[in-house]
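Peer 1: You'll find upload14.cif just under this line, and it carries mmCIF, C-alpha atoms.
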data_run
#
loop_
_atom_site.label_atom_id
_atom_site.label_comp_id
_atom_site.auth_asym_id
_atom_site.auth_seq_id
_atom_site.Cartn_x
_atom_site.Cartn_y
_atom_site.Cartn_z
CA MET A 112 145.21 112.71 107.63
CA ASN A 113 148.68 114.02 107.02
CA PRO A 114 148.44 116.63 104.20
CA ALA A 115 151.88 115.71 102.84
CA LEU A 116 150.73 112.11 102.47
CA LEU A 117 147.56 113.21 100.72
CA ASN A 118 149.40 115.64 98.43
CA ASN A 119 152.03 113.15 97.40
CA GLY A 120 149.54 110.33 96.98
CA PHE A 121 147.47 112.53 94.72
CA ARG A 122 150.57 113.55 92.77
CA PHE A 123 151.72 109.96 92.31
CA ILE A 124 148.37 108.93 90.89
CA LEU A 125 147.95 111.99 88.71
CA LEU A 126 151.45 111.80 87.25
CA LEU A 127 151.15 108.06 86.64
CA LEU A 128 147.90 108.58 84.77
CA LEU A 129 149.39 111.48 82.80
CA GLN A 130 152.46 109.41 81.97
CA ILE A 131 150.68 106.24 80.97
CA ILE A 132 147.56 107.60 79.33
CA VAL A 133 148.95 110.73 77.70
CA PHE A 134 152.73 110.89 77.33
CA ASN A 135 153.39 107.23 76.60
CA GLN A 136 150.90 107.39 73.74
CA LEU A 137 152.32 110.51 72.07
CA ARG A 138 154.16 109.91 68.83
CA LEU A 139 156.28 112.93 68.01
CA GLY A 140 157.08 112.40 64.37
CA PRO A 141 158.14 109.18 62.66
CA LEU A 142 161.31 108.90 64.76
CA GLY A 143 159.63 110.07 67.94
CA PRO A 144 159.30 106.62 69.48
CA TYR A 145 163.07 106.20 69.19
CA PHE A 146 164.40 109.60 70.16
CA LEU A 147 161.72 111.67 71.83
CA HIS A 148 160.34 110.11 74.96
CA ILE A 149 158.51 112.35 77.39
CA TYR A 150 158.87 111.37 81.02
CA VAL A 151 157.08 113.49 83.60
CA PHE A 152 156.54 110.84 86.27
CA PRO A 153 160.00 111.36 87.88
CA LEU A 154 158.42 114.57 89.18
CA ALA A 155 156.30 112.42 91.52
CA TYR A 156 159.20 110.92 93.44
CA LEU A 157 161.44 113.98 93.09
CA LEU A 158 158.89 116.15 94.92
CA LEU A 159 158.85 113.93 98.02
CA PRO A 160 159.44 116.00 101.17
CA PHE A 161 162.99 116.20 102.53
CA ARG A 162 161.95 114.40 105.69
CA THR A 163 160.74 111.26 103.88
CA PRO A 164 162.71 108.28 105.24
CA ARG A 165 165.33 107.02 102.78
CA GLU A 166 163.93 103.51 102.53
CA ILE A 167 160.46 104.87 101.77
CA GLN A 168 162.00 107.08 99.08
CA PHE A 169 163.67 104.09 97.46
CA LEU A 170 160.59 101.89 97.64
CA LEU A 171 158.30 104.58 96.24
CA ALA A 172 160.73 105.32 93.39
CA PHE A 173 160.99 101.62 92.61
CA GLY A 174 157.22 101.21 92.77
CA ILE A 175 156.33 104.07 90.45
CA GLY A 176 159.11 103.09 88.05
CA MET A 177 157.81 99.53 88.01
CA ILE A 178 154.24 100.62 87.28
CA VAL A 179 155.40 102.71 84.32
CA ASP A 180 157.54 99.75 83.22
CA LEU A 181 154.59 97.42 83.28
CA ALA A 182 152.60 99.84 81.17
CA MET A 183 155.48 100.19 78.70
CA GLN A 184 156.42 96.51 78.79
CA SER A 185 159.99 97.27 79.73
CA PRO A 186 160.29 95.57 83.16
CA GLY A 187 163.09 96.97 85.27
CA LEU A 188 164.18 99.89 83.09
CA HIS A 189 162.34 102.74 84.79
CA ALA A 190 162.40 101.03 88.17
CA GLY A 191 166.20 100.88 88.04
CA ALA A 192 166.47 104.45 86.76
CA SER A 193 164.14 105.80 89.46
CA VAL A 194 165.95 104.04 92.30
CA PHE A 195 169.29 105.24 90.95
CA THR A 196 168.05 108.82 90.65
CA MET A 197 166.75 108.60 94.20
CA ALA A 198 170.22 107.54 95.34
CA VAL A 199 171.75 110.57 93.61
CA ARG A 200 169.19 113.03 95.06
CA PRO A 201 170.96 113.75 98.39
CA LEU A 202 174.15 114.52 96.49
CA VAL A 203 172.40 117.02 94.23
CA LEU A 204 170.60 118.52 97.23
CA ARG A 205 173.92 119.01 98.97
CA ILE A 206 175.45 120.70 95.93
CA LEU A 207 172.46 123.02 95.50
CA GLU A 208 172.03 123.70 99.21
CA PRO A 209 170.91 127.34 99.71
CA ARG A 210 172.35 129.50 102.46
CA GLY A 211 170.67 128.45 105.68
CA GLY A 212 170.03 124.94 104.45
CA TYR A 213 166.73 123.19 103.81
CA ASP A 214 163.69 123.22 106.03
CA LYS A 215 163.07 119.55 106.85
CA LEU A 216 159.33 120.06 106.62
CA TYR A 217 159.36 121.42 103.06
CA SER A 218 159.36 119.68 99.72
CA PRO A 219 161.64 120.74 96.85
CA THR A 220 158.89 122.63 95.00
CA LEU A 221 158.85 125.66 92.74
CA GLN A 222 156.90 127.73 95.24
CA ARG A 223 159.33 127.08 98.06
CA TYR A 224 162.63 127.52 96.26
CA LYS A 225 161.86 129.58 93.10
CA TRP A 226 163.00 129.12 89.52
CA PRO A 227 166.81 129.01 89.38
CA TRP A 228 167.04 126.49 92.19
CA PHE A 229 164.09 124.40 91.08
CA ALA A 230 165.20 124.32 87.43
CA SER A 231 168.71 123.17 88.35
CA TYR A 232 167.38 120.56 90.78
CA MET A 233 164.86 119.16 88.34
CA SER A 234 167.05 119.26 85.23
CA ILE A 235 169.99 117.52 86.90
CA LEU A 236 167.91 114.71 88.36
CA SER A 237 165.73 114.22 85.28
CA LEU A 238 168.96 114.00 83.28
CA VAL A 239 170.18 111.28 85.64
CA HIS A 240 166.94 109.35 85.27
CA ILE A 241 166.79 109.63 81.49
CA LEU A 242 170.48 108.90 80.99
CA PHE A 243 170.22 105.80 83.17
CA TYR A 244 167.05 104.75 81.37
CA PHE A 245 168.53 105.00 77.89
CA SER A 246 171.79 103.37 78.97
CA MET A 247 169.75 100.40 80.09
CA GLU A 248 167.48 100.54 77.07
CA VAL A 249 170.35 100.46 74.58
CA PHE A 250 172.32 98.28 77.01
CA THR A 251 175.65 98.43 75.28
CA PRO A 252 178.36 101.12 75.48
CA LEU A 253 179.03 100.42 71.80
CA PHE A 254 176.15 102.74 70.90
CA ILE A 255 177.15 105.54 73.23
CA GLY A 256 176.21 108.02 70.48
CA ALA A 257 172.66 106.73 70.33
CA ILE A 258 172.40 106.82 74.13
CA LEU A 259 173.52 110.45 74.24
CA ILE A 260 171.31 111.67 71.41
CA LYS A 261 168.24 109.95 72.81
CA THR A 262 169.03 111.21 76.29
CA LEU A 263 169.56 114.83 75.27
CA LEU A 264 166.46 115.08 73.06
CA SER A 265 164.21 113.31 75.55
CA TRP A 266 165.68 115.23 78.46
CA PHE A 267 164.98 118.56 76.78
CA ILE A 268 161.38 117.81 75.89
CA SER A 269 160.67 116.04 79.19
CA ASN A 270 161.85 119.08 81.11
CA LEU A 271 159.52 121.36 79.15
CA PHE A 272 156.58 119.21 80.17
CA ILE A 273 157.78 118.79 83.75
CA TYR A 274 157.90 122.59 84.18
CA LEU A 275 154.53 122.92 82.47
CA VAL A 276 152.97 120.45 84.89
CA MET A 277 154.71 122.17 87.77
CA ILE A 278 153.42 125.60 86.77
CA ILE A 279 149.87 124.29 86.39
CA LEU A 280 149.79 122.40 89.69
CA ASN A 281 152.11 124.75 91.56
CA PRO A 282 151.95 122.90 94.89
CA LEU A 283 153.41 124.42 98.04
CA ASP A 284 154.62 121.06 99.34
CA MET B 157 164.09 103.43 109.98
CA PHE B 158 167.16 101.82 108.50
CA SER B 159 170.74 102.78 109.12
CA GLU B 160 172.94 104.19 106.34
CA LEU B 161 174.14 100.68 105.63
CA GLY B 162 170.58 99.38 105.53
CA ASN B 163 169.67 102.00 102.94
CA LEU B 164 172.69 101.08 100.85
CA VAL B 165 171.65 97.44 100.97
CA LEU B 166 168.06 98.34 100.03
CA PHE B 167 169.37 100.42 97.12
CA LEU B 168 171.53 97.56 95.89
CA VAL B 169 168.72 95.04 96.26
CA LEU B 170 166.27 97.21 94.31
CA GLU B 171 168.82 97.83 91.57
CA GLY B 172 169.59 94.12 91.53
CA ILE B 173 165.92 93.30 91.06
CA SER B 174 165.66 95.89 88.27
CA PHE B 175 168.72 94.52 86.52
CA TYR B 176 167.42 90.97 86.82
CA LEU B 177 164.07 92.04 85.35
CA ILE B 178 165.81 93.91 82.55
CA ILE B 179 167.90 90.96 81.44
CA THR B 180 165.09 88.45 81.94
CA TYR B 181 162.05 90.09 80.39
CA ASN B 182 163.50 92.42 77.73
CA ASP B 183 164.52 90.62 74.58
CA ALA B 184 167.26 92.86 73.25
CA GLN B 185 168.85 93.39 76.64
CA SER B 186 168.84 89.70 77.46
CA LYS B 187 170.57 88.90 74.18
CA ILE B 188 173.24 91.52 74.75
CA TYR B 189 173.73 90.31 78.31
CA HIS B 190 174.18 86.69 77.31
CA ASN B 191 176.50 87.63 74.49
CA THR B 192 178.66 89.70 76.80
CA VAL B 193 178.79 87.07 79.51
CA ASN B 194 179.60 84.62 76.76
CA LEU B 195 182.47 86.73 75.52
CA ILE B 196 183.99 87.25 78.96
CA SER B 197 183.45 83.82 80.44
CA GLY B 198 184.32 82.25 77.11
CA SER B 199 187.79 83.69 77.02
CA ILE B 200 188.41 83.02 80.69
CA SER B 201 187.18 79.46 80.79
CA GLY B 202 188.84 78.89 77.43
CA GLN B 203 192.21 79.47 79.08
CA VAL B 204 191.36 77.34 82.09
CA ASN B 205 190.08 74.63 79.85
CA ASP B 206 193.21 74.57 77.74
CA ILE B 207 195.18 73.72 80.83
CA ARG B 208 192.69 71.23 82.16
CA ASN B 209 192.40 69.55 78.79
CA TYR B 210 196.05 68.86 78.69
CA PHE B 211 195.68 66.47 81.59
CA SER B 212 192.81 64.50 80.12
CA LEU B 213 194.16 64.20 76.60
CA LYS B 214 194.55 60.47 76.84
CA GLU B 215 191.00 59.88 77.97
CA GLN B 216 189.55 62.20 75.34
CA ASN B 217 191.63 60.60 72.68
CA SER B 218 190.32 57.16 73.44
CA ALA B 219 186.74 58.43 73.58
CA LEU B 220 187.13 59.94 70.13
CA LEU B 221 188.74 56.75 68.85
CA ARG B 222 185.79 54.76 70.14
CA GLU B 223 183.34 57.05 68.44
CA ASN B 224 185.35 56.96 65.24
CA ALA B 225 185.36 53.17 65.29
CA LYS B 226 181.62 53.12 65.86
CA LEU B 227 181.01 55.42 62.90
CA LYS B 228 183.37 53.48 60.67
CA SER B 229 181.64 50.21 61.47
CA LYS B 230 178.30 51.83 60.63
CA LEU B 231 179.70 53.04 57.34
CA PHE B 232 181.03 49.61 56.47
CA ASN B 233 177.74 48.00 57.38
CA ILE B 234 175.81 50.35 55.12
CA ALA B 235 178.33 49.84 52.35
CA GLU B 236 177.93 46.08 52.77
CA LYS B 237 174.16 46.32 52.58
CA GLU B 238 174.19 48.57 49.54
CA GLY B 239 176.84 46.47 47.89
CA VAL B 240 179.21 49.30 47.11
CA ASN B 241 182.57 50.25 48.50
CA PRO B 242 182.70 52.94 51.21
CA ASP B 243 184.26 55.62 49.00
CA GLU B 244 181.44 55.47 46.48
CA LEU B 245 178.96 55.69 49.31
CA ASN B 246 180.68 58.84 50.42
CA SER B 247 180.20 60.58 47.09
CA LYS B 248 176.61 59.42 47.04
CA ILE B 249 176.00 61.07 50.37
CA GLN B 250 177.70 64.28 49.41
CA GLU B 251 175.40 64.80 46.45
CA LYS B 252 172.48 65.62 48.68
CA GLN B 253 173.85 66.72 51.98
CA VAL B 254 171.32 68.00 54.50
CA PHE B 255 173.30 68.07 57.73
CA SER B 256 176.82 69.10 58.46
CA LEU B 257 178.41 68.87 61.90
CA VAL B 258 180.85 71.30 63.46
CA ALA B 259 182.93 69.83 66.26
CA ALA B 260 183.60 72.09 69.22
CA ARG B 261 185.01 71.82 72.69
CA VAL B 262 182.79 72.44 75.69
CA ILE B 263 184.56 75.09 77.71
CA ASN B 264 181.90 75.86 80.26
CA ASN B 265 179.03 73.76 81.51
CA SER B 266 176.48 74.19 84.26
CA ILE B 267 174.14 71.47 85.44
CA SER B 268 173.13 72.61 88.89
CA LEU B 269 170.85 75.53 88.02
CA ARG B 270 167.22 75.66 87.06
CA ASN B 271 168.17 76.98 83.62
CA ASN B 272 171.52 75.67 82.50
CA TYR B 273 173.83 76.88 79.77
CA LEU B 274 177.06 75.68 78.15
CA SER B 275 179.72 77.46 76.17
CA LEU B 276 181.50 76.14 73.10
CA ASN B 277 184.83 77.34 71.75
CA LYS B 278 183.56 77.88 68.22
CA GLY B 279 181.26 80.58 66.94
CA GLY B 280 180.15 82.50 63.88
CA MET B 281 183.49 81.91 62.16
CA ALA B 282 182.62 78.21 62.04
CA ALA B 283 179.20 78.97 60.50
CA ILE B 284 177.36 78.48 63.78
CA LYS B 285 174.17 80.47 64.13
CA VAL B 286 171.52 80.74 66.82
CA ASN B 287 168.83 78.08 67.07
CA GLN B 288 170.94 75.21 65.85
CA GLY B 289 170.97 71.87 67.59
CA VAL B 290 173.97 70.65 69.54
CA ILE B 291 174.57 66.93 69.97
CA GLY B 292 177.09 64.87 71.86
CA GLU B 293 178.43 61.38 71.61
CA ASN B 294 175.37 59.74 73.16
CA GLY B 295 172.51 62.14 72.70
CA ILE B 296 171.64 65.75 72.42
CA ILE B 297 173.12 68.57 74.45
CA GLY B 298 171.07 71.65 73.66
CA ILE B 299 170.31 74.48 71.29
CA THR B 300 172.57 77.43 70.43
CA LYS B 301 171.27 80.67 71.92
CA ALA B 302 173.93 83.34 71.43
CA VAL B 303 176.82 83.36 69.01
CA ASN B 304 179.74 85.67 68.56
CA GLU B 305 182.80 85.26 66.41
CA ASN B 306 184.59 82.70 68.52
CA TYR B 307 182.20 81.41 71.14
CA THR B 308 178.71 80.06 71.41
CA THR B 309 176.32 79.86 74.32
CA VAL B 310 174.14 76.79 74.28
CA MET B 311 170.85 76.43 76.12
CA SER B 312 171.31 73.06 77.74
CA VAL B 313 168.62 70.37 77.56
CA PHE B 314 168.50 70.93 81.31
CA HIS B 315 166.61 74.18 80.91
CA SER B 316 163.03 74.87 81.89
CA GLN B 317 162.15 75.91 78.35
CA THR B 318 163.64 72.94 76.58
CA LYS B 319 161.17 70.98 74.48
CA ILE B 320 162.57 68.39 72.13
CA SER B 321 160.53 66.43 69.66
CA ALA B 322 161.23 62.75 70.37
CA ARG B 323 159.68 59.45 69.41
CA ILE B 324 159.67 55.92 70.68
CA LYS B 325 161.93 53.78 68.59
CA ASP B 326 160.25 51.29 66.25
CA LYS B 327 156.79 52.41 67.37
CA GLY B 328 156.86 55.86 65.85
CA TYR B 329 154.71 57.62 68.42
CA PHE B 330 156.20 61.00 69.16
CA GLY B 331 155.99 63.51 71.97
CA SER B 332 158.04 66.21 73.61
CA LEU B 333 161.01 65.60 75.82
CA VAL B 334 161.21 68.12 78.65
CA TRP B 335 163.24 68.56 81.80
CA LYS B 336 161.28 68.83 85.01
CA ASN B 337 163.12 71.14 87.35
CA ASN B 338 163.92 68.55 89.94
CA GLY B 339 167.65 69.00 89.56
CA ASP B 340 168.24 65.43 88.46
CA VAL B 341 170.34 65.45 85.30
CA ARG B 342 170.08 61.73 84.67
CA PHE B 343 166.44 61.82 83.64
CA MET B 344 164.13 63.74 81.38
CA THR B 345 160.40 63.38 80.86
CA LEU B 346 158.65 62.41 77.65
CA GLU B 347 155.20 63.99 77.43
CA ASP B 348 152.26 64.03 75.04
CA ILE B 349 152.27 60.32 74.15
CA PRO B 350 148.58 59.28 74.12
CA LYS B 351 147.66 56.74 76.78
CA HIS B 352 146.32 54.10 74.39
CA VAL B 353 149.83 53.51 73.09
CA PRO B 354 151.37 50.31 74.46
CA ILE B 355 154.51 51.39 76.26
CA ARG B 356 156.97 48.98 77.76
CA LEU B 357 159.66 49.91 80.23
CA GLY B 358 163.00 49.78 78.45
CA ASP B 359 161.63 51.14 75.18
CA GLN B 360 164.17 53.36 73.50
CA VAL B 361 163.59 57.04 72.82
CA GLU B 362 165.18 58.83 69.89
CA THR B 363 164.86 62.20 68.16
CA SER B 364 161.91 62.36 65.82
CA GLY B 365 163.47 64.43 63.04
CA TYR B 366 160.39 66.65 63.01
CA SER B 367 162.40 69.72 63.96
CA SER B 368 165.03 71.09 61.65
CA MET B 369 167.51 71.34 64.52
CA PHE B 370 168.21 67.66 65.06
CA PRO B 371 168.46 64.80 62.59
CA GLY B 372 166.04 61.97 63.31
CA GLY B 373 167.11 58.77 65.01
CA ILE B 374 169.62 60.07 67.54
CA ARG B 375 169.38 57.71 70.49
CA LEU B 376 168.50 59.66 73.61
CA GLY B 377 167.67 57.19 76.36
CA LYS B 378 165.30 54.52 77.53
CA ILE B 379 162.04 54.61 79.42
CA VAL B 380 162.38 53.65 83.06
CA SER B 381 158.97 54.48 84.46
CA LYS B 382 155.53 55.42 83.21
CA LYS B 383 152.54 57.02 84.79
CA ILE B 384 149.38 58.80 83.78
CA GLN B 385 148.38 61.84 85.78
CA PRO B 386 144.76 61.59 86.91
CA GLY B 387 142.52 63.30 84.38
CA SER B 388 145.23 63.40 81.73
CA SER B 389 145.04 61.58 78.42
CA THR B 390 148.77 61.33 77.95
CA TYR B 391 151.64 59.48 79.55
CA GLU B 392 154.33 61.01 81.66
CA LEU B 393 157.34 58.84 80.84
CA LYS B 394 160.60 59.05 82.71
CA VAL B 395 163.54 58.64 80.36
CA LYS B 396 167.02 57.73 81.52
CA LEU B 397 169.50 59.50 79.29
CA TYR B 398 172.42 57.70 77.68
CA GLN B 399 174.41 60.90 77.70
CA ASP B 400 176.19 61.87 80.89
CA MET B 401 176.09 65.65 80.74
CA THR B 402 178.30 65.98 83.78
CA LYS B 403 181.42 65.09 81.89
CA ILE B 404 180.98 66.04 78.27
CA LYS B 405 184.08 67.45 76.65
CA PHE B 406 183.09 67.65 73.01
CA ALA B 407 179.96 68.61 71.18
CA TYR B 408 178.79 68.80 67.60
CA VAL B 409 176.72 71.68 66.31
CA VAL B 410 174.24 70.52 63.71
CA ILE B 411 174.03 72.76 60.68
CA ASN B 412 170.96 72.01 58.59
CA PHE B 413 171.22 73.27 55.02
CA GLU B 414 167.47 73.09 54.63
CA THR B 415 166.72 75.42 57.54
CA PRO B 416 166.71 78.66 55.50
CA ALA B 417 164.29 77.15 53.01
CA LEU B 418 162.04 75.83 55.79
CA ASP B 419 162.16 79.15 57.62
CA SER B 420 161.12 81.09 54.56
CA LEU B 421 158.19 78.68 54.20
CA TYR B 422 157.15 79.37 57.78
CA LEU B 423 157.37 83.09 57.12
CA GLN B 424 155.20 82.74 54.06
CA MET B 425 152.67 80.82 56.11
CA LYS B 426 152.73 83.43 58.85
CA SER B 427 152.09 86.25 56.40
CA LEU B 428 149.02 84.51 55.00
#
What does this structure look like when you write it as structure tokens?

Peer 2:
Amino acid sequence: MNPALLNNGFRFILLLLLQIIVFNQLRLGPLGPYFLHIYVFPLAYLLLPFRTPREIQFLLAFGIGMIVDLAMQSPGLHAGASVFTMAVRPLVLRILEPRGGYDKLYSPTLQRYKWPWFASYMSILSLVHILFYFSMEVFTPLFIGAILIKTLLSWFISNLFIYLVMIILNPLD
Amino acid sequence: MFSELGNLVLFLVLEGISFYLIITYNDAQSKIYHNTVNLISGSISGQVNDIRNYFSLKEQNSALLRENAKLKSKLFNIAEKEGVNPDELNSKIQEKQVFSLVAARVINNSISLRNNYLSLNKGGMAAIKVNQGVIGENGIIGITKAVNENYTTVMSVFHSQTKISARIKDKGYFGSLVWKNNGDVRFMTLEDIPKHVPIRLGDQVETSGYSSMFPGGIRLGKIVSKKIQPGSSTYELKVKLYQDMTKIKFAYVVINFETPALDSLYLQMKSL
């Protein structure tokens, strides 16, 4: 069995369980449910190896987003955000490209590319996901203020947990 | 492996599905979506309609005259029966008014979809709210679903979720009028009438008055066929509508002054 397949499969399941059973249930203060959402599951599709075919990337992102949506009863919100983030990923990879380029066989993990690179990669793409999600959740540009506040707060706290999970698991690929 | 173009198409399809799910299964988003579409299409088709209307003024005028004449003759007949003159009758009615109608022009109308909607050129400024009934010259048209200041979106009776309380004239048995999604806008189906009731083809169907949206006794259509599904205890009655929804130009929104009182009663009951 292909180890990358096994690794990623395991990660998808683990992060889904973490997201649905733990982070979706957390209530951080009385206004938590409105402003402080913790999303760690984007990590699952953002750690896919560079060589993953594009269409598989899209379908996996859509699938995991949809499962989280079904658990949160918000059909389409996370699925749309995940697919959109997946579409932006190559652009971010190109901007962050290290000297010598990427090794096709690697995944964008902390162990492979170290902190500064990994933090920029993860924070940009999680911002894209969360911004897209809250734009669709609020669904009207009239409340742009609400979208931005929710996005910034949730982005900050989500990133803390994403790095925490990453440090604990610390996968090579 | 797809090409670049294939991936773009896949991306768009997946986003399309997500967007569809968002506006279909999320309440707030679906309301905002319909309101926005309403606002945009309302102002566009309002312009188009202004022009188109100009050419059918004569026809519309005579239709309104006919309706006016019909109403006047009703008024005179009632006055005759009650033995008063029509003006006195008027003041009598005004004392205890339950319904008030707002006339509006239909500026957008779909009949070919599974779930159809219409737009009216009046909105919140004319005291229209959501969940009010909309009637036409010869029957009912739908229920208001989204309202902004100047426009209203109406869920047509030709919508998979339509369920209108209707009864058989002079017999009093009532059921629900629904639209089976067979695309035929001439007929609707009356359900839930128990099978022991004697039904004759040609019996008239009218609104029951059991919902606060529509006054009772609005003629809707007549029964053209009846059948009982095997194992079912109720009729499935095909009703031919009097109203031709394919060419309505005007509609009346029914404002029921008792609705707030009834709603608060329901709320009380719910909280028990």

Peer 1: What is the distance between CA of Glu208 (chain A) and CA of Tyr244 (chain A), in Å to one decimal?

Peer 2: 26.5 Å

Peer 1: Expanded to explicit residues, what is the PyMOL selection byres ((chain A and resi 201) around 12) for this file, as a compact mmCIF listing (two decimals) with C-alpha atoms, keeping the file's coordinate frame?

Peer 2:
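Printed below is part03.txt as written:
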# COMPACT_ATOMS: atom_id res chain seq x y z
CA LEU A 157 161.44 113.98 93.09
CA PHE A 161 162.99 116.20 102.53
CA ARG A 162 161.95 114.40 105.69
CA THR A 163 160.74 111.26 103.88
CA ARG A 165 165.33 107.02 102.78
CA GLN A 168 162.00 107.08 99.08
CA PHE A 195 169.29 105.24 90.95
CA THR A 196 168.05 108.82 90.65
CA MET A 197 166.75 108.60 94.20
CA ALA A 198 170.22 107.54 95.34
CA VAL A 199 171.75 110.57 93.61
CA ARG A 200 169.19 113.03 95.06
CA LEU A 202 174.15 114.52 96.49
CA VAL A 203 172.40 117.02 94.23
CA LEU A 204 170.60 118.52 97.23
CA ARG A 205 173.92 119.01 98.97
CA ILE A 206 175.45 120.70 95.93
CA LEU A 207 172.46 123.02 95.50
CA GLU A 208 172.03 123.70 99.21
CA TYR A 213 166.73 123.19 103.81
CA PRO A 219 161.64 120.74 96.85
CA TYR A 232 167.38 120.56 90.78
CA LEU A 236 167.91 114.71 88.36

Peer 1: Go through the shown structure with the PyMOL selection byres ((chain B and resi 220-235) around 12) and write out the matching residues as a compact mmCIF listing (two decimals) with C-alpha atoms, in the frame of the given file.

Peer 2:
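Once written, expr02.txt looks like this:
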# COMPACT_ATOMS: atom_id res chain seq x y z
CA LEU B 213 194.16 64.20 76.60
CA LYS B 214 194.55 60.47 76.84
CA GLU B 215 191.00 59.88 77.97
CA GLN B 216 189.55 62.20 75.34
CA ASN B 217 191.63 60.60 72.68
CA SER B 218 190.32 57.16 73.44
CA ALA B 219 186.74 58.43 73.58
CA GLU B 236 177.93 46.08 52.77
CA LYS B 237 174.16 46.32 52.58
CA GLU B 238 174.19 48.57 49.54
CA GLY B 239 176.84 46.47 47.89
CA VAL B 240 179.21 49.30 47.11
CA ASN B 241 182.57 50.25 48.50
CA PRO B 242 182.70 52.94 51.21
CA ASP B 243 184.26 55.62 49.00
CA GLU B 244 181.44 55.47 46.48
CA LEU B 245 178.96 55.69 49.31
CA ASN B 246 180.68 58.84 50.42
CA LYS B 248 176.61 59.42 47.04
CA ILE B 249 176.00 61.07 50.37
CA ALA B 259 182.93 69.83 66.26
CA GLY B 292 177.09 64.87 71.86
CA GLU B 293 178.43 61.38 71.61
CA ASN B 294 175.37 59.74 73.16
CA ILE B 404 180.98 66.04 78.27
CA LYS B 405 184.08 67.45 76.65
CA PHE B 406 183.09 67.65 73.01
CA ALA B 407 179.96 68.61 71.18

Peer 1: Using only C-alpha atoms, find which residues of chain B lie within 8 Å of chain A and jot them down as a list of chain:residue names.

Peer 2: B:Met157, B:Phe158, B:Asn163, B:Leu166, B:Phe167, B:Leu170, B:Glu171, B:Ile173, B:Ser174, B:Phe175, B:Tyr176, B:Leu177, B:Ile178, B:Tyr181, B:Asn182, B:Gln185, B:Ile188

Peer 1: Kindly give the distance, in Å, that separates CA of Lys403 (chain B) and CA of Lys325 (chain B), rounded to a single decimal.

Peer 2: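 Pair CA of Lys403 (chain B) / CA of Lys325 (chain B) returns 26.2 Å.
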
Peer 1: Can you give me, as a PDB file with C-alpha atoms, in the frame of the given file, the residues this file yields under the PyMOL selection byres ((chain B and resi 408) around 6)?

Peer 2:
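Done, and the output landed in expr-v9.pdb:
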ATOM      1  CA  LEU B 257     178.410  68.870  61.900  1.00  0.00           C
ATOM      2  CA  VAL B 258     180.850  71.300  63.460  1.00  0.00           C
ATOM      3  CA  ALA B 259     182.930  69.830  66.260  1.00  0.00           C
ATOM      4  CA  VAL B 290     173.970  70.650  69.540  1.00  0.00           C
ATOM      5  CA  ILE B 291     174.570  66.930  69.970  1.00  0.00           C
ATOM      6  CA  ALA B 407     179.960  68.610  71.180  1.00  0.00           C
ATOM      7  CA  VAL B 409     176.720  71.680  66.310  1.00  0.00           C
TER       8      VAL B 409
END

Peer 1: Which is closer to Tyr224 (chain A) than all the others in A:Ala257, A:Leu283, A:Thr262, A:Ile268, using all atoms listed in the file?

Peer 2: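 Under the stated criterion, the closest residue is A:Leu283.
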
Peer 1: Which centre and which edge lengths, in Å to one decimal, describe the axis-aligned box that holds all listed atoms of region 177-182 of chain A after 5 Å is added on each side, as JSON?

Peer 2:
{"center_x": 155.2, "center_y": 100.1, "center_z": 84.6, "size_x": 15.2, "size_y": 15.3, "size_z": 16.8}

Peer 1: Which of these residues is nearest to Ser246 (chain A), using all atoms listed in the file: A:Val179, A:Leu259, A:Ile132, A:Ile124?

Peer 2: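 Of all the options, A:Leu259 lies closest to Ser246 (chain A).
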
Peer 1: Contacts of Val254 (chain B) at 7 Å or less, counting only C-alpha atoms, minus same-chain residues fewer than 5 places along, as JSON, numbers by chain?

Peer 2: {"B": [412, 413, 414]}

Peer 1: Could you please determine the separation between CA of Leu159 (chain A) and CA of Leu127 (chain A) in Å, to one decimal place?

Peer 2: 14.9 Å

Peer 1: Using only C-alpha atoms for the distances, tell me which of B:Lys301, B:His352, B:Lys383, B:Arg208 is nearest to Asn191 (chain B).

Peer 2: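 Of the candidates, the smallest distance to Asn191 (chain B) is held by B:Lys301.
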
Peer 1: Which residues, written as a short mmCIF file (atom, residue, chain, number, x, y, z; two decimals) with C-alpha atoms, in the coordinates of the input, have at least one atom at most 10 Å from Met401 (chain B), with all atoms listed in the file counted and residues fewer than 5 positions away on the same chain left out?

Peer 2:
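Listed below is the output, part10.cif:
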data_model
loop_
_atom_site.label_atom_id
_atom_site.label_comp_id
_atom_site.auth_asym_id
_atom_site.auth_seq_id
_atom_site.Cartn_x
_atom_site.Cartn_y
_atom_site.Cartn_z
CA ASN B 265 179.03 73.76 81.51
CA SER B 266 176.48 74.19 84.26
CA ILE B 267 174.14 71.47 85.44
CA GLY B 292 177.09 64.87 71.86
CA ASN B 294 175.37 59.74 73.16
CA GLY B 295 172.51 62.14 72.70
CA ILE B 296 171.64 65.75 72.42
CA ILE B 297 173.12 68.57 74.45
CA SER B 312 171.31 73.06 77.74
CA VAL B 313 168.62 70.37 77.56
CA PHE B 314 168.50 70.93 81.31
CA VAL B 341 170.34 65.45 85.30
CA ARG B 342 170.08 61.73 84.67
#

Peer 1: Can you tell me, as a ChimeraX atom specification, what residues are no more than 9 Å from region 326-329 of chain B when counting only C-alpha atoms, ignoring any on the same chain fewer than 2 positions away?

Peer 2: /B:322-324,331,349-350,353,360,364

Peer 1: Output the selection as a compact mmCIF listing (two decimals), in the coordinates of the input - C-alpha atoms for each residue.

Peer 2:
# COMPACT_ATOMS: atom_id res chain seq x y z
CA ALA B 322 161.23 62.75 70.37
CA ARG B 323 159.68 59.45 69.41
CA ILE B 324 159.67 55.92 70.68
CA GLY B 331 155.99 63.51 71.97
CA ILE B 349 152.27 60.32 74.15
CA PRO B 350 148.58 59.28 74.12
CA VAL B 353 149.83 53.51 73.09
CA GLN B 360 164.17 53.36 73.50
CA SER B 364 161.91 62.36 65.82
